[in-house]
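Q: So here's entry.cif (mmCIF, C-alpha atoms).
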```cif
data_data
#
loop_
_atom_site.label_atom_id
_atom_site.label_comp_id
_atom_site.auth_asym_id
_atom_site.auth_seq_id
_atom_site.Cartn_x
_atom_site.Cartn_y
_atom_site.Cartn_z
CA MET A 615 22.23 109.04 105.02
CA ASN A 616 22.37 106.64 107.95
CA ASN A 617 19.50 107.27 110.37
CA ASN A 618 20.65 104.68 112.93
CA LEU A 619 23.59 106.69 114.23
CA LEU A 620 24.27 106.92 117.96
CA SER A 621 23.38 110.23 119.59
CA ASP A 622 23.59 110.20 123.38
CA PHE A 623 23.82 113.08 125.90
CA THR A 624 24.04 112.39 129.65
CA VAL A 625 24.53 114.79 132.57
CA ASP A 626 25.88 113.38 135.84
CA LYS A 627 25.61 116.10 138.49
CA SER A 628 27.24 113.88 141.13
CA THR A 629 30.52 113.92 139.17
CA LYS A 630 29.93 117.37 137.58
CA THR A 631 30.38 115.69 134.18
CA VAL A 632 28.59 115.66 130.83
CA TYR A 633 29.00 112.64 128.54
CA ILE A 634 28.24 112.92 124.84
CA ASN A 635 28.52 110.12 122.28
CA ARG A 636 27.75 110.90 118.66
CA GLU A 637 28.29 108.95 115.45
CA PHE A 638 28.75 110.46 112.02
CA ASP A 639 28.45 108.83 108.61
CA ALA A 640 31.87 110.14 107.56
CA GLU A 641 35.51 109.10 107.55
CA LEU A 642 37.58 109.71 110.67
CA SER A 643 40.00 112.11 108.97
CA LEU A 644 37.15 114.39 107.85
CA VAL A 645 35.51 114.41 111.29
CA TRP A 646 38.90 115.09 112.94
CA ASP A 647 39.48 118.03 110.56
CA ALA A 648 36.01 119.39 111.36
CA PHE A 649 36.99 119.61 115.04
CA THR A 650 40.58 120.82 114.56
CA LYS A 651 40.67 123.18 111.57
CA GLN A 652 39.37 126.70 112.08
CA GLU A 653 37.97 127.10 108.56
CA ILE A 654 35.73 124.04 109.04
CA LEU A 655 35.02 124.52 112.76
CA ASP A 656 33.55 127.99 112.23
CA GLN A 657 31.03 126.52 109.76
CA TRP A 658 29.26 124.46 112.43
CA TRP A 659 30.41 125.25 116.00
CA ALA A 660 27.30 127.20 117.07
CA PRO A 661 23.60 126.39 117.31
CA LYS A 662 21.70 128.01 114.44
CA PRO A 663 20.94 130.85 113.98
CA TRP A 664 24.09 131.72 115.95
CA VAL A 665 27.46 131.53 114.14
CA SER A 666 31.00 130.82 115.33
CA LYS A 667 33.69 133.45 114.84
CA THR A 668 37.26 132.47 115.67
CA LYS A 669 39.64 135.33 116.40
CA PHE A 670 42.64 132.97 116.48
CA MET A 671 43.32 129.26 116.74
CA ASN A 672 46.60 127.42 117.26
CA PHE A 673 45.84 123.68 117.40
CA GLU A 674 48.89 122.36 119.23
CA VAL A 675 49.62 121.40 122.83
CA GLY A 676 49.67 124.68 124.76
CA GLY A 677 47.93 126.44 121.84
CA ARG A 678 44.59 128.19 122.10
CA ARG A 679 41.41 129.00 120.27
CA PHE A 680 39.70 132.29 121.12
CA TYR A 681 36.25 132.49 119.61
CA ALA A 682 32.77 133.88 119.97
CA MET A 683 29.33 132.55 119.29
CA VAL A 684 27.51 135.43 117.63
CA SER A 685 23.74 135.90 117.67
CA PRO A 686 21.82 137.22 114.65
CA GLU A 687 21.59 140.53 116.54
CA GLY A 688 25.38 140.67 116.94
CA GLN A 689 25.61 139.61 120.60
CA GLU A 690 28.93 137.86 121.22
CA ARG A 691 29.63 135.14 123.80
CA TRP A 692 33.38 134.59 123.97
CA SER A 693 35.29 131.48 125.06
CA ILE A 694 38.90 130.36 125.33
CA GLN A 695 39.98 126.80 124.61
CA LYS A 696 43.51 125.81 125.64
CA TYR A 697 44.74 122.54 124.15
CA THR A 698 46.41 120.37 126.80
CA SER A 699 46.93 117.08 124.92
CA ILE A 700 46.73 115.97 121.28
CA THR A 701 47.02 112.47 119.85
CA PRO A 702 46.33 112.95 116.11
CA LYS A 703 43.08 111.48 114.81
CA THR A 704 42.42 109.75 118.15
CA ASN A 705 42.07 112.24 121.02
CA PHE A 706 42.54 115.78 122.15
CA LYS A 707 41.91 117.51 125.45
CA LEU A 708 41.28 121.13 126.23
CA LEU A 709 40.42 123.50 129.01
CA ASN A 710 37.43 125.67 128.16
CA THR A 711 36.49 128.92 129.89
CA PHE A 712 33.98 131.59 129.12
CA ALA A 713 35.66 134.95 128.60
CA ASP A 714 35.07 138.56 127.68
CA GLU A 715 36.09 140.11 124.35
CA ASP A 716 39.49 141.04 125.84
CA GLU A 717 40.36 137.39 126.63
CA ASN A 718 39.78 137.72 130.37
CA PRO A 719 38.67 134.23 131.47
CA GLU A 720 35.61 133.61 133.61
CA LEU A 721 36.80 130.88 135.97
CA PRO A 722 36.20 128.13 136.79
CA GLY A 723 36.20 126.34 133.48
CA SER A 724 35.66 122.84 132.21
CA GLU A 725 37.94 120.07 130.97
CA TRP A 726 36.99 118.53 127.63
CA ASP A 727 38.24 115.10 126.55
CA LEU A 728 37.35 114.23 122.93
CA ASN A 729 37.91 110.73 121.58
CA PHE A 730 37.57 109.69 117.93
CA SER A 731 37.21 106.19 116.46
CA GLU A 732 36.02 104.77 113.16
CA GLN A 733 34.38 101.49 112.26
CA ASN A 734 33.01 100.64 108.79
CA GLY A 735 33.03 104.29 107.68
CA ILE A 736 31.14 105.49 110.77
CA THR A 737 33.10 107.81 113.04
CA LYS A 738 32.24 107.97 116.73
CA VAL A 739 33.07 111.04 118.76
CA SER A 740 32.94 110.64 122.55
CA VAL A 741 33.13 113.85 124.55
CA THR A 742 33.54 114.01 128.32
CA ILE A 743 33.17 117.46 129.87
CA TYR A 744 34.23 117.75 133.50
CA ASN A 745 33.28 120.96 135.29
CA GLU A 746 35.31 122.25 138.21
CA SER A 747 32.13 123.40 139.93
CA LEU A 748 28.55 122.21 140.06
CA ASP A 749 27.47 125.85 139.71
CA ARG A 750 29.20 126.07 136.33
CA LEU A 751 27.60 122.82 135.15
CA GLU A 752 24.19 124.05 136.21
CA LYS A 753 24.80 127.38 134.46
CA MET A 754 25.67 125.50 131.24
CA ILE A 755 22.46 123.48 131.53
CA GLU A 756 20.38 126.62 132.23
CA MET A 757 21.92 128.31 129.16
CA GLY A 758 20.55 125.44 127.05
CA PHE A 759 23.84 123.59 126.53
CA LYS A 760 22.18 120.25 125.76
CA GLU A 761 19.80 121.71 123.18
CA GLY A 762 22.49 123.94 121.69
CA PHE A 763 25.10 121.19 121.48
CA THR A 764 22.56 118.79 119.95
CA MET A 765 21.73 121.40 117.28
CA THR A 766 25.44 121.98 116.70
CA MET A 767 26.05 118.26 116.19
CA LYS A 768 23.19 118.22 113.64
CA SER A 769 24.89 121.10 111.79
CA LEU A 770 28.13 119.13 111.79
CA GLU A 771 26.32 116.08 110.43
CA GLU A 772 24.90 118.17 107.56
CA LEU A 773 28.27 119.76 106.82
CA LEU A 774 30.03 116.37 106.81
CA ALA A 775 27.44 115.01 104.37
CA ALA A 776 28.10 117.97 102.05
CA LEU A 777 31.89 117.69 102.37
CA SER A 778 31.81 113.91 101.82
CA LYS A 779 30.17 114.46 98.42
CA LYS A 780 33.03 116.68 97.21
#
```
For the file at hand, write its structure as structure tokens.
A:
Amino acid sequence: MNNNLLSDFTVDKSTKTVYINREFDAELSLVWDAFTKQEILDQWWAPKPWVSKTKFMNFEVGGRRFYAMVSPEGQERWSIQKYTSITPKTNFKLLNTFADEDENPELPGSEWDLNFSEQNGITKVSVTIYNESLDRLEKMIEMGFKEGFTMTMKSLEELLAALSKK
């Protein structure tokens, strides 16, 4: 396991944007699949001990993912992701909004821009999250987004290590 991998998380309140750069010791195609295939995504897309539960996912431009992060006690926090742009194995963009269990969005949302690149077997994922409102960004921070997303990335790293051995 490579312990010198980039892991950077920056919040810029002046632009209402979060910047995340994270490297993984795994091939690009595997990392891409981990972000774009429901059966892999649900294995890591929640900070432990929470789990991800996708109700449906259609990874195509105009498609959506409707999912919940579920606490050990069964509390569900729902979100909708609408895919706005996809360039296979390089980039995808989505609009993310919190929602209730009936798919009613809680606006405003945030715009996610995910970029993927590989060099010497190390895949870098760069995520830019632009929030329509400073209030929403501050709510994400208060909810522990940085800590939760950092834990989630660690879960992905562990999953990729296990999948790479197969």
Q: Write out as a compact mmCIF listing (two decimals) with C-alpha atoms, in the coordinates of the input each polymer residue whose atoms come within 12 Å of Asn710 (chain A), counting only C-alpha atoms; drop sequence neighbours fewer than 4 positions from it.
A:
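Final file, part.txt:
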```
# COMPACT_ATOMS: atom_id res chain seq x y z
CA ARG A 678 44.59 128.19 122.10
CA ARG A 679 41.41 129.00 120.27
CA PHE A 680 39.70 132.29 121.12
CA TYR A 681 36.25 132.49 119.61
CA TRP A 692 33.38 134.59 123.97
CA SER A 693 35.29 131.48 125.06
CA ILE A 694 38.90 130.36 125.33
CA GLN A 695 39.98 126.80 124.61
CA LYS A 696 43.51 125.81 125.64
CA TYR A 697 44.74 122.54 124.15
CA THR A 698 46.41 120.37 126.80
CA PRO A 719 38.67 134.23 131.47
CA GLU A 720 35.61 133.61 133.61
CA LEU A 721 36.80 130.88 135.97
CA PRO A 722 36.20 128.13 136.79
CA GLY A 723 36.20 126.34 133.48
CA SER A 724 35.66 122.84 132.21
CA GLU A 725 37.94 120.07 130.97
CA TRP A 726 36.99 118.53 127.63
CA ASP A 727 38.24 115.10 126.55
CA ILE A 743 33.17 117.46 129.87
CA TYR A 744 34.23 117.75 133.50
CA ASN A 745 33.28 120.96 135.29
CA GLU A 746 35.31 122.25 138.21
CA ARG A 750 29.20 126.07 136.33
```
Q: How many Å separate CA of Ile736 (chain A) from CA of Asn672 (chain A)?
A: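 Here the two named atoms are 27.6 Å from each other.
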Q: Please enumerate the residues selected by the PyMOL selection byres ((chain A and resi 630-645) around 8) when evaluated against the supplied file, formatted as a count of residues only.
A: 41
Q: Got a sec to check which residues sit within 12 Å of (28.3, 137.1, 118.1), counting all atoms listed in the file, and write them as a list of chain:residue names?
A: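 Here is the list of nearby residues: A:Ala660, A:Pro661, A:Lys662, A:Pro663, A:Trp664, A:Val665, A:Ser666, A:Lys667, A:Thr668, A:Lys669, A:Tyr681, A:Ala682, A:Met683, A:Val684, A:Ser685, A:Pro686, A:Glu687, A:Gly688, A:Gln689, A:Glu690, A:Arg691, A:Trp692, A:Ser693, A:Asp714, A:Glu715.
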Q: Enclose the full set of atoms of region 708-724 of chain A listed in the file within a box whose edges lie along x, y and z, apply 5 Å of padding to each of the six sides, and report centre and edge lengths in Å to one decimal as lines of an AutoDock Vina configuration file.
A:
```
center_x = 37.6
center_y = 131.1
center_z = 130.6
size_x = 17.3
size_y = 29.9
size_z = 22.4
```
Q: Please enumerate the residues selected by the PyMOL selection byres ((chain A and resi 699) around 9) when evaluated against the supplied file, formatted as a ChimeraX atom specification.
A: /A:674-676,697-698,700-701,705-708
Q: As an exercise, work out the distance from CA of Leu770 (chain A) to CA of Trp658 (chain A) in Å and give it to one decimal place.
A: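 Computing the Euclidean distance for CA of Leu770 (chain A) and CA of Trp658 (chain A) yields 5.5 Å.
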Q: Expressed in Å to a single decimal, how great is the separation between CA of Leu773 (chain A) and CA of Leu728 (chain A)?
A: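 Between CA of Leu773 (chain A) and CA of Leu728 (chain A) the gap is 19.3 Å.
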Q: Please complete region 709-741 of chain A with N, CA and C atoms and give it back as a PDB file, in the frame of the given file.
A:
```pdb
ATOM      1  N   LEU A 709      41.072 122.780 127.919  1.00  0.00           N
ATOM      2  CA  LEU A 709      40.420 123.500 129.010  1.00  0.00           C
ATOM      3  C   LEU A 709      39.588 124.581 128.357  1.00  0.00           C
ATOM      4  N   ASN A 710      38.331 124.692 128.746  1.00  0.00           N
ATOM      5  CA  ASN A 710      37.430 125.670 128.160  1.00  0.00           C
ATOM      6  C   ASN A 710      36.962 126.625 129.252  1.00  0.00           C
ATOM      7  N   THR A 711      37.041 127.913 128.979  1.00  0.00           N
ATOM      8  CA  THR A 711      36.490 128.920 129.890  1.00  0.00           C
ATOM      9  C   THR A 711      35.724 129.950 129.099  1.00  0.00           C
ATOM     10  N   PHE A 712      34.645 130.437 129.683  1.00  0.00           N
ATOM     11  CA  PHE A 712      33.980 131.590 129.120  1.00  0.00           C
ATOM     12  C   PHE A 712      34.916 132.771 129.317  1.00  0.00           C
ATOM     13  N   ALA A 713      34.767 133.797 128.504  1.00  0.00           N
ATOM     14  CA  ALA A 713      35.660 134.950 128.600  1.00  0.00           C
ATOM     15  C   ALA A 713      34.933 136.200 128.098  1.00  0.00           C
ATOM     16  N   ASP A 714      35.595 137.340 128.300  1.00  0.00           N
ATOM     17  CA  ASP A 714      35.070 138.560 127.680  1.00  0.00           C
ATOM     18  C   ASP A 714      35.838 138.791 126.376  1.00  0.00           C
ATOM     19  N   GLU A 715      35.472 139.846 125.665  1.00  0.00           N
ATOM     20  CA  GLU A 715      36.090 140.110 124.350  1.00  0.00           C
ATOM     21  C   GLU A 715      37.570 140.463 124.436  1.00  0.00           C
ATOM     22  N   ASP A 716      38.077 140.717 125.646  1.00  0.00           N
ATOM     23  CA  ASP A 716      39.490 141.040 125.840  1.00  0.00           C
ATOM     24  C   ASP A 716      40.300 139.842 126.345  1.00  0.00           C
ATOM     25  N   GLU A 717      39.717 138.646 126.246  1.00  0.00           N
ATOM     26  CA  GLU A 717      40.360 137.390 126.630  1.00  0.00           C
ATOM     27  C   GLU A 717      40.535 137.217 128.135  1.00  0.00           C
ATOM     28  N   ASN A 718      39.740 137.911 128.927  1.00  0.00           N
ATOM     29  CA  ASN A 718      39.780 137.720 130.370  1.00  0.00           C
ATOM     30  C   ASN A 718      38.882 136.530 130.697  1.00  0.00           C
ATOM     31  N   PRO A 719      39.465 135.435 131.213  1.00  0.00           N
ATOM     32  CA  PRO A 719      38.670 134.230 131.470  1.00  0.00           C
ATOM     33  C   PRO A 719      37.720 134.387 132.639  1.00  0.00           C
ATOM     34  N   GLU A 720      36.603 133.674 132.540  1.00  0.00           N
ATOM     35  CA  GLU A 720      35.610 133.610 133.610  1.00  0.00           C
ATOM     36  C   GLU A 720      35.764 132.228 134.247  1.00  0.00           C
ATOM     37  N   LEU A 721      36.518 132.166 135.323  1.00  0.00           N
ATOM     38  CA  LEU A 721      36.800 130.880 135.970  1.00  0.00           C
ATOM     39  C   LEU A 721      35.719 130.552 136.980  1.00  0.00           C
ATOM     40  N   PRO A 722      35.469 129.284 137.288  1.00  0.00           N
ATOM     41  CA  PRO A 722      36.200 128.130 136.790  1.00  0.00           C
ATOM     42  C   PRO A 722      35.757 127.733 135.388  1.00  0.00           C
ATOM     43  N   GLY A 723      36.507 126.816 134.810  1.00  0.00           N
ATOM     44  CA  GLY A 723      36.200 126.340 133.480  1.00  0.00           C
ATOM     45  C   GLY A 723      35.798 124.889 133.478  1.00  0.00           C
ATOM     46  N   SER A 724      35.966 124.260 132.329  1.00  0.00           N
ATOM     47  CA  SER A 724      35.660 122.840 132.210  1.00  0.00           C
ATOM     48  C   SER A 724      36.768 122.160 131.405  1.00  0.00           C
ATOM     49  N   GLU A 725      36.947 120.876 131.676  1.00  0.00           N
ATOM     50  CA  GLU A 725      37.940 120.070 130.970  1.00  0.00           C
ATOM     51  C   GLU A 725      37.210 119.187 129.966  1.00  0.00           C
ATOM     52  N   TRP A 726      37.604 119.312 128.698  1.00  0.00           N
ATOM     53  CA  TRP A 726      36.990 118.530 127.630  1.00  0.00           C
ATOM     54  C   TRP A 726      37.973 117.445 127.194  1.00  0.00           C
ATOM     55  N   ASP A 727      37.457 116.235 127.029  1.00  0.00           N
ATOM     56  CA  ASP A 727      38.240 115.100 126.550  1.00  0.00           C
ATOM     57  C   ASP A 727      37.463 114.522 125.359  1.00  0.00           C
ATOM     58  N   LEU A 728      38.022 114.668 124.150  1.00  0.00           N
ATOM     59  CA  LEU A 728      37.350 114.230 122.930  1.00  0.00           C
ATOM     60  C   LEU A 728      38.083 113.043 122.323  1.00  0.00           C
ATOM     61  N   ASN A 729      37.351 111.950 122.135  1.00  0.00           N
ATOM     62  CA  ASN A 729      37.910 110.730 121.580  1.00  0.00           C
ATOM     63  C   ASN A 729      37.233 110.402 120.254  1.00  0.00           C
ATOM     64  N   PHE A 730      38.037 109.967 119.285  1.00  0.00           N
ATOM     65  CA  PHE A 730      37.570 109.690 117.930  1.00  0.00           C
ATOM     66  C   PHE A 730      37.914 108.255 117.554  1.00  0.00           C
ATOM     67  N   SER A 731      36.950 107.539 116.964  1.00  0.00           N
ATOM     68  CA  SER A 731      37.210 106.190 116.460  1.00  0.00           C
ATOM     69  C   SER A 731      36.325 105.955 115.236  1.00  0.00           C
ATOM     70  N   GLU A 732      36.776 105.056 114.377  1.00  0.00           N
ATOM     71  CA  GLU A 732      36.020 104.770 113.160  1.00  0.00           C
ATOM     72  C   GLU A 732      35.851 103.266 112.993  1.00  0.00           C
ATOM     73  N   GLN A 733      34.654 102.884 112.571  1.00  0.00           N
ATOM     74  CA  GLN A 733      34.380 101.490 112.260  1.00  0.00           C
ATOM     75  C   GLN A 733      33.417 101.453 111.074  1.00  0.00           C
ATOM     76  N   ASN A 734      33.841 100.788 110.001  1.00  0.00           N
ATOM     77  CA  ASN A 734      33.010 100.640 108.790  1.00  0.00           C
ATOM     78  C   ASN A 734      32.515 101.981 108.250  1.00  0.00           C
ATOM     79  N   GLY A 735      33.384 102.992 108.238  1.00  0.00           N
ATOM     80  CA  GLY A 735      33.030 104.290 107.680  1.00  0.00           C
ATOM     81  C   GLY A 735      32.196 105.177 108.586  1.00  0.00           C
ATOM     82  N   ILE A 736      31.884 104.695 109.784  1.00  0.00           N
ATOM     83  CA  ILE A 736      31.140 105.490 110.770  1.00  0.00           C
ATOM     84  C   ILE A 736      32.133 105.955 111.831  1.00  0.00           C
ATOM     85  N   THR A 737      32.178 107.264 112.047  1.00  0.00           N
ATOM     86  CA  THR A 737      33.100 107.810 113.040  1.00  0.00           C
ATOM     87  C   THR A 737      32.322 108.163 114.309  1.00  0.00           C
ATOM     88  N   LYS A 738      32.835 107.681 115.427  1.00  0.00           N
ATOM     89  CA  LYS A 738      32.240 107.970 116.730  1.00  0.00           C
ATOM     90  C   LYS A 738      33.090 109.008 117.441  1.00  0.00           C
ATOM     91  N   VAL A 739      32.421 110.027 117.951  1.00  0.00           N
ATOM     92  CA  VAL A 739      33.070 111.040 118.760  1.00  0.00           C
ATOM     93  C   VAL A 739      32.481 110.933 120.162  1.00  0.00           C
ATOM     94  N   SER A 740      33.359 110.709 121.141  1.00  0.00           N
ATOM     95  CA  SER A 740      32.940 110.640 122.550  1.00  0.00           C
ATOM     96  C   SER A 740      33.552 111.840 123.268  1.00  0.00           C
ATOM     97  N   VAL A 741      32.686 112.638 123.869  1.00  0.00           N
ATOM     98  CA  VAL A 741      33.130 113.850 124.550  1.00  0.00           C
ATOM     99  C   VAL A 741      32.771 113.737 126.028  1.00  0.00           C
TER     100      VAL A 741
END
```
